[in-house]
Amino acid sequence: MDQKKVTVDGIEQPILQRWAADDVYAYKRDAPGEIYSIDTPPPTVSGSLHVGHIFSYTHTDLIARYKRLRGFNVFYPMGFDDNGLPTERRVQNYYGVRPDIIKAYIPNYKPPFAGTAGKNLKANKYDAISRANFIELCEKLSREDEAKFKELWMRLGLSVDWKHTYQTIDDRSRRIAQKMFLRHLRAGLAYQAESPGLWDVTFQTAVAQAELEAREYPGFYHTIAFTSADGSVVEIETTRPELLVSCVALVAYPDDERYQKLFGTTVTSPLFNVEVPVLAHVAAQMDKGAGIAMCCTFGDLTDVQWWRDLKLPTRSIIGRSGRIEVDANAASWITGGARDFLLELNGKTAFTARSMVVDALKDAGALRGEIVPTTRMTNFYEKGDKPLEIVTSRQWYIKNGGSDDDLQKQLVKRGKELNFVPDFMRTRYNNWVLGLNSDWLISRQRFFGVAFPLWYKIDENGEINYDEPILPDESALPVDPLIDVPADMDESMRDVPGGFTAEKDIMDTWATSSLTPHIACGYEERPQNVEDAKTTRADFERLFPMSLRPQGQDIIRTWLFSTVVRAHHENNSLPWKNAAISGWILDPDRKKMSKSKGNVVTPMHLLETYGSDALRYWAANARLGVDSAFDEGQMKIGRRLAMKFLNLAKFVLSLQPDEVLKLGALRTFENALSGVTEDVDKSMLVGLCEVQRSAFEAFDDYNHAPALEIIETFFWSFCDDFVELVKKRAYGEQENSVHGAHEEVRAESQQSSASAKNALLVALVLQSHLLAPFIPFATEEAWSWWNADSIHTSTMVHNLIIPPFMKGTRTKNTEGTRMSEDEEVCARSLQSSELFKLVSTTLQVVRRIKSEQKLSMKSPLKTVRLGLSAENINLLWSTVGDLRMVLNITCELQLVESGSSEVEVLDFEL
RNA sequence: GGGCGUAUAGAUCAGUUGGUUAGAUCGUCUGCUCGACACGCAGGAGGUCACAGGUUCGAGUCCUGUUACGCCUACCA
C-alpha cells in the first residue's frame, strides 16, 4: 500500500475475480460447522432487474455473510425461473416458434430466427414445434438471460455459491417435480376430478385460486320475472341474463321472511319455461339484489357452492371459448319453441347472447324496470383481460386444506411453527389458508412447462380410461408423455383403440417452484460424486429443512404456502425454519415500483456511480417487511462509509511496523491486544466489544438494520474522537517527551505510543469484520493490503469477543450468586467503556468553544477549566495528556468538581 | 365489507418494557486547506410525533374512534 489516495471506484472487478478464483463462498460439503441453508428466490429470467430486487437480495446476502462470519457452513444457491407463461412468450417471440403438442421432437432443431424478429410475426407464421424442442430453446435463451443476471448479482456482491444453480425447467427440476407428483399421487394427496372450475377463455386454461385477481368490471342489473305455480311473479336481479337457460334453482336466505312461502315450491323461467325449485341456502344474501338469486351452472363460484350443496343438476351452456356451446339434443330440459331460440344462441359470444336474451325478455314482457348500470369486482386471471368463466373440466389437484378441515388445521399449525420475520406476516399466511375454498389446481391446458408423467389406456371402443393412469418408473424421469411411451408399449400404440394416449396437460409453475428446497438441496437418489458440485440425496439430508426462505410479501399465498404444502406432504416437516419477508421499494410518490407501472429504476448506473457497497448500504438500512421509498440521495451515505473505511485502514496500517503488516491479522492480533495498556485505549475496545455483542444479537434476530446502525455509530465516533485523540500519541509525540525526559519516562512513552497503535489495529480488525457483511468490497480491499486470505472466510471474530483485559476478577451479581462469564463481562464493560464516552463528550464541548469563536480546530487555547462530577474527574484523569494534545491546550486543562453530571466548560483563555 | 401494515424535521428513517430537553443521515446555514480522508472536519438552525378523545403522576410509545396511503382478502343476485 502506498501513500496515494484511496478510492472505492473500480475496486469491485479485481475483488470479484479473486473471490471466483478462490471459491470464497463455496458450500463445503464435508466441513464440520453447523449448516445454514438458504432457499434463494429464483428470479424470472425473462424479466429485468430493478432496485427492488437489489433491495431484497441484499437483505439475504447480509444474512449469509453474517452467518459465515459466525462460522456457519453456508449453502447459498441461486435458481433461475424460466418455467411458465412469461418465458413461453419470450421464447416464442425471440425465436419465432410456438409449442404444439402434436409435433414430434426434432433432433438438432434450428429455429427460424434468433433475435427480435419473431415479435412481429403473425400467429400462423410461427414455426410450430414439439414441447421438448421448445424446452430446449428455452434453456438456450435462458442461459443468455442468466448470464446478465449473474453479472449483476456478482457486481452487487452476492455471496452466492455459483456452482449451485438450477433452472426451474431444467432436467433436475422436471425430474423432481414429476417425482413428487407421482409420490403425492400414490399417497392419495394428488387426484384428478371432473368439476366446474375457473377458466380463462383467452389462454384456454384452467386457473387456480392463487392466480386470481379481482378487478372492477362494468355490468348491468336486469330484473327478470319468474312465475310461480299460483301465477304470482318472483323477480330476481342478474347481471348475466344470457345464463337464464342454465338456471337450475332460485336461492334465498333461509330466514328471509319474503320467501318463506316459496321455499319448497317451484317457479317457471320466462322464455325457456323451465320449472326450477326455490331453495334456501345460507350463502344467499338478503341485502343483495332482490334478495333471491338465480342459480345457474355456472355464473360464479357461489353458483358452484349452491350446485354442490343443494345437489342441483348441471345445465352448462358456456364452452371453453367463452361462447354459448350447447348440444340441442342433450339439452333435454328445454322443450318446444324454446329449443329453437337456444339453437339461435349457439356459437354466440356471451355478450351477443346477452343482448339477444334481453330483447326476447323485453318482447315477452318478462324484463321488469330499468336496466341499471353497475360496477362490480370480478375475477380475472392475473395475466388475462377477460373475466373468467366457470367451465367443467377434468383437472389435477393437490390437497391443500381447501376441502379438508383437518389438513387445513395442520397447515395453520405449520405456519405457527415457522418463524416469520417480521412476525405479522404470519397473518397473511393464516388469512390465505383459512380462506381457501378448494384444493390446489395444478394442471394447465398450456404447452410449455413440466409435463404430467402420465398416460391413459384406450379401450377397444376408443374410450379413454382416466381412472387408472399409467405411471412411469421414477428412474425414467423426466418423461414427456407426448414423446416417451409407457414401459410395455411402443409408439405404434399411441392414440389407437387398445393402446394409450398421453396426458397433454402441464403443471402450473408453482407446482415446480414449490419444490425449490428439494431442487436446490438435491432430493434425488443419485450416488454422491465427489467431482460433481450438484447436490444429491446425501446433501439433502444435511441441508433440509433449510434455514431460511427469503421472499416478497406478495407471494406468501403462492410460493411460501405451496412450498409448505409440499414439504408437509412429502417430508412431514416445514421446508425451512425462518421466512424473511422483504418490503417493497416505493417510488418517490410512494407507489410500488413495478415494471408494469413504468416507474422502475434500474440498478447498473447506480452501481457504477456510487459503488456496490453504497447500494448495499442503502438496502441494509431498511428493516425486513418495511416498505422503503427510493431516494438516490441515500446512496452517497454508503459510499461515504466505504470511503471512510478505506482511509481509516490506510491510516492505521501506515502506523504499523512492516513486520506486523507482513504477518497479517491472524498472527498479529493476540500480540496487539496484549500491547494495549492505556486506560482510554482499553475503554474504547471494551465499547467496541459491546457494539459487537449487540450487533450480533440484532443479527441473530434478523435485524440487520439496527446491527448496522450500532456498528456505524461506533465507527464514526471511533474515527472522529478516538483516532483524533490518540493520533499524536501514536506518532510518538508526548507532552513530557519535549522536556528531554529520563530513560524511565521514555520507556513509558514508548509503551503508551505502542498502546495507541495496537488499539487502533485491534479496532480495525474487529470493525473490518463487523462491516464486512455490509460493505464487502471496501473491507476486502483494505484487508488485502496486509492479508493473503479473504476477510469473508475469516471467522477470527469468534475469539475476539472477550479481549483478555476484560477478564478481570470475578464479581457477584445482585442476587449474591456468582456471575456467569457473560454477565461479568457485561458488568465490567458497561463500567469501563464509560471513559471513552466521556472523552467523546469532552471533545465535543471544547470543540464547540472553538467553533463558536470561529477558530480552526488546530488553533491553541491557553487554559480550559472543565466542570465534571467527582467520579468523572477520576475517570478522565488518565487521559488529560491526550486531551491537551488533541485540543492544543498550551498551558493547563483543569478538571473541577461541579454539581452537574454533565461535562461543561466553566472557563477558557485564548 | 373483513384483515394486515404505515403516518415522527424540507427528504429518508430510528425511537426497546410508558420516564428528564424526541435522535441519525441527506439537504440547508456558519466556520475550518488538521501530517487517513475537502468524496473531509467542527458547529448551528430546523419537530404541536396525522387528527380527536381516554388511561396515567407522566403518552411519540398503551386503549378507543377518525382521516390518508400501501397491501392482502371477499364481493358477477
# chains A, B, ... in the order shown; residues from 1 in each chain; ligands from 1

$ interface_residues --of "chain B" --to "chain A" --cutoff "9 Å" --atoms "only C-alpha atoms (C1' of nucleotides)" --output "PyMOL selection string"
chain B and resi 3-6+11-14+24-26+30-32+34+36-37+39+41-43+69-73+75-77

$ residues_around --residues "range 149-155 of chain A" --least-positions-apart "4" --cutoff "8 Å" --atoms "only C-alpha atoms (C1' of nucleotides)" --output "VMD selection string"
chain A and resid 12 to 13 16 45 49 145 159 604 607 612

$ residues_around --residues "range 409-414 of chain A" --least-positions-apart "3" --cutoff "12 Å" --atoms "only C-alpha atoms (C1' of nucleotides)" --output "mmCIF file with C-alpha atoms, in the first residue's frame"
data_model
loop_
_atom_site.group_PDB
_atom_site.id
_atom_site.type_symbol
_atom_site.label_atom_id
_atom_site.label_comp_id
_atom_site.auth_asym_id
_atom_site.auth_seq_id
_atom_site.Cartn_x
_atom_site.Cartn_y
_atom_site.Cartn_z
ATOM 1 C CA LYS A 399 -54.726 -31.344 -1.434
ATOM 2 C CA ASN A 400 -54.025 -28.083 0.344
ATOM 3 C CA GLY A 401 -56.651 -27.947 3.059
ATOM 4 C CA GLY A 402 -59.155 -26.124 0.874
ATOM 5 C CA SER A 403 -61.542 -29.069 1.113
ATOM 6 C CA ASP A 404 -60.268 -30.781 4.233
ATOM 7 C CA ASP A 405 -60.569 -29.143 7.664
ATOM 8 C CA ASP A 406 -58.092 -31.455 9.281
ATOM 9 C CA GLU A 417 -44.017 -23.281 13.738
ATOM 10 C CA LEU A 418 -42.402 -21.104 11.084
ATOM 11 C CA ASN A 419 -40.510 -18.050 12.305
ATOM 12 C CA PHE A 420 -41.873 -15.229 10.157
ATOM 13 C CA ARG A 426 -47.912 -14.822 9.507
ATOM 14 C CA THR A 427 -51.346 -13.208 9.423
ATOM 15 C CA ARG A 428 -51.208 -13.151 5.628
ATOM 16 C CA TYR A 429 -50.434 -16.831 5.635
ATOM 17 C CA ASN A 430 -53.290 -17.622 8.014
ATOM 18 C CA ASN A 431 -55.774 -15.485 6.106
ATOM 19 C CA TRP A 432 -54.925 -17.318 2.941
ATOM 20 C CA VAL A 433 -55.017 -20.837 4.396
ATOM 21 C CA LEU A 434 -58.309 -20.197 6.167
ATOM 22 C CA GLY A 435 -59.829 -18.573 3.090
ATOM 23 C CA LEU A 436 -59.131 -21.415 0.680
ATOM 24 C CA LEU A 560 -44.462 -19.723 0.522
ATOM 25 C CA PHE A 561 -47.712 -21.556 1.088
ATOM 26 C CA SER A 562 -47.297 -24.062 -1.724
ATOM 27 C CA THR A 563 -43.786 -24.921 -0.534
ATOM 28 C CA VAL A 564 -45.119 -25.530 2.963
ATOM 29 C CA VAL A 565 -47.800 -27.819 1.496
ATOM 30 C CA ARG A 566 -45.310 -29.925 -0.480
ATOM 31 C CA ALA A 567 -42.879 -30.378 2.416
ATOM 32 C CA HIS A 568 -45.755 -31.191 4.729
ATOM 33 C CA HIS A 569 -46.988 -33.909 2.379
ATOM 34 C CA ASN A 572 -43.896 -34.219 7.250
ATOM 35 C CA SER A 573 -41.899 -31.134 8.060
ATOM 36 C CA LEU A 574 -41.608 -27.436 7.425
ATOM 37 C CA PRO A 575 -39.373 -26.729 4.436
ATOM 38 C CA TRP A 576 -37.415 -24.095 6.424
ATOM 39 C CA LYS A 577 -37.138 -22.700 9.924
ATOM 40 C CA ASN A 578 -37.285 -18.986 9.092
#

$ select_by_dssp --residues "range 113-163 of chain A" --states "helix (DSSP H, G or I)" --output "count of residues only"
33

$ atom_distance --atom1 "CA of Trp396 in chain A" --atom2 "CA of Tyr191 in chain A"
5.7 Å

$ atom_distance --atom1 "CA of Thr392 in chain A" --atom2 "CA of Leu198 in chain A"
8.6 Å

$ atom_distance --atom1 "CA of Arg98 in chain A" --atom2 "CA of Tyr166 in chain A"
24.1 Å

$ residues_around --residues "Ile470 in chain A" --least-positions-apart "3" --cutoff "9 Å" --atoms "only C-alpha atoms (C1' of nucleotides)" --output "number ranges by chain"
A: 453-457, 486, 500

$ select_by_dssp --residues "range 16-83 of chain A" --states "strand (DSSP E or B)" --output "count of residues only"
12

$ residues_around --residues "Ala619 in chain A" --least-positions-apart "3" --cutoff "7 Å" --atoms "only C-alpha atoms (C1' of nucleotides)" --output "short mmCIF file (atom, residue, chain, number, x, y, z; two decimals) with C-alpha atoms, in the first residue's frame"
data_model
loop_
_atom_site.label_atom_id
_atom_site.label_comp_id
_atom_site.auth_asym_id
_atom_site.auth_seq_id
_atom_site.Cartn_x
_atom_site.Cartn_y
_atom_site.Cartn_z
CA PHE A 55 -33.03 -4.37 -2.02
CA THR A 58 -29.05 -7.70 -0.42
CA LEU A 615 -26.27 0.29 -2.82
CA ARG A 616 -25.89 -2.45 -0.27
CA ALA A 622 -34.29 -0.91 5.74
#

$ residues_around --residues "range 87-91 of chain A" --least-positions-apart "3" --cutoff "7 Å" --atoms "only C-alpha atoms (C1' of nucleotides)" --output "MDAnalysis selection string"
chainID A and resid 46 82:84 94:95 138 448

$ write_last_selection --atoms "all heavy atoms" --output "compact mmCIF listing (two decimals), in the first residue's frame"
# COMPACT_ATOMS: atom_id res chain seq x y z
N SER A 46 -36.94 -13.90 -17.77
CA SER A 46 -37.42 -13.09 -18.89
C SER A 46 -37.70 -11.66 -18.47
O SER A 46 -37.92 -10.79 -19.28
CB SER A 46 -38.68 -13.72 -19.47
OG SER A 46 -39.62 -13.93 -18.44
N ASP A 82 -37.43 -20.08 -15.23
CA ASP A 82 -37.67 -19.97 -16.67
C ASP A 82 -38.83 -20.86 -17.08
O ASP A 82 -38.97 -21.24 -18.22
CB ASP A 82 -36.40 -20.31 -17.45
CG ASP A 82 -35.77 -21.60 -16.96
OD1 ASP A 82 -36.42 -22.31 -16.16
OD2 ASP A 82 -34.64 -21.88 -17.35
N ASN A 83 -39.67 -21.17 -16.11
CA ASN A 83 -40.80 -22.04 -16.35
C ASN A 83 -42.04 -21.14 -16.30
O ASN A 83 -42.16 -20.34 -15.40
CB ASN A 83 -40.83 -23.07 -15.21
CG ASN A 83 -41.96 -24.07 -15.34
OD1 ASN A 83 -42.87 -23.89 -16.13
ND2 ASN A 83 -41.89 -25.11 -14.55
N GLY A 84 -42.92 -21.28 -17.27
CA GLY A 84 -44.15 -20.51 -17.16
C GLY A 84 -44.39 -19.56 -18.32
O GLY A 84 -43.58 -19.44 -19.24
N TYR A 94 -38.86 -14.47 -29.48
CA TYR A 94 -37.44 -14.37 -29.79
C TYR A 94 -37.07 -15.26 -30.97
O TYR A 94 -36.35 -14.85 -31.88
CB TYR A 94 -36.64 -14.76 -28.55
CG TYR A 94 -35.17 -14.43 -28.62
CD1 TYR A 94 -34.71 -13.18 -28.22
CD2 TYR A 94 -34.25 -15.37 -29.07
CE1 TYR A 94 -33.37 -12.87 -28.28
CE2 TYR A 94 -32.90 -15.07 -29.13
CZ TYR A 94 -32.46 -13.82 -28.73
OH TYR A 94 -31.13 -13.51 -28.79
N TYR A 95 -37.58 -16.48 -30.95
CA TYR A 95 -37.18 -17.44 -32.00
C TYR A 95 -38.23 -17.61 -33.08
O TYR A 95 -38.01 -18.33 -34.06
CB TYR A 95 -36.91 -18.82 -31.38
CG TYR A 95 -35.70 -18.86 -30.49
CD1 TYR A 95 -35.81 -19.13 -29.14
CD2 TYR A 95 -34.43 -18.65 -31.02
CE1 TYR A 95 -34.70 -19.18 -28.31
CE2 TYR A 95 -33.31 -18.69 -30.21
CZ TYR A 95 -33.44 -18.96 -28.86
OH TYR A 95 -32.34 -19.00 -28.07
N CYS A 138 -35.86 -22.81 -24.77
CA CYS A 138 -35.99 -22.03 -23.55
C CYS A 138 -34.71 -22.08 -22.74
O CYS A 138 -34.21 -21.06 -22.25
CB CYS A 138 -37.15 -22.56 -22.73
SG CYS A 138 -37.09 -21.97 -21.05
N PHE A 448 -46.18 -25.25 -22.56
CA PHE A 448 -44.80 -25.13 -22.09
C PHE A 448 -44.77 -25.24 -20.58
O PHE A 448 -45.39 -24.46 -19.88
CB PHE A 448 -44.23 -23.78 -22.53
CG PHE A 448 -42.90 -23.51 -21.91
CD1 PHE A 448 -41.82 -24.33 -22.20
CD2 PHE A 448 -42.72 -22.46 -21.03
CE1 PHE A 448 -40.59 -24.10 -21.61
CE2 PHE A 448 -41.50 -22.22 -20.45
CZ PHE A 448 -40.43 -23.04 -20.74
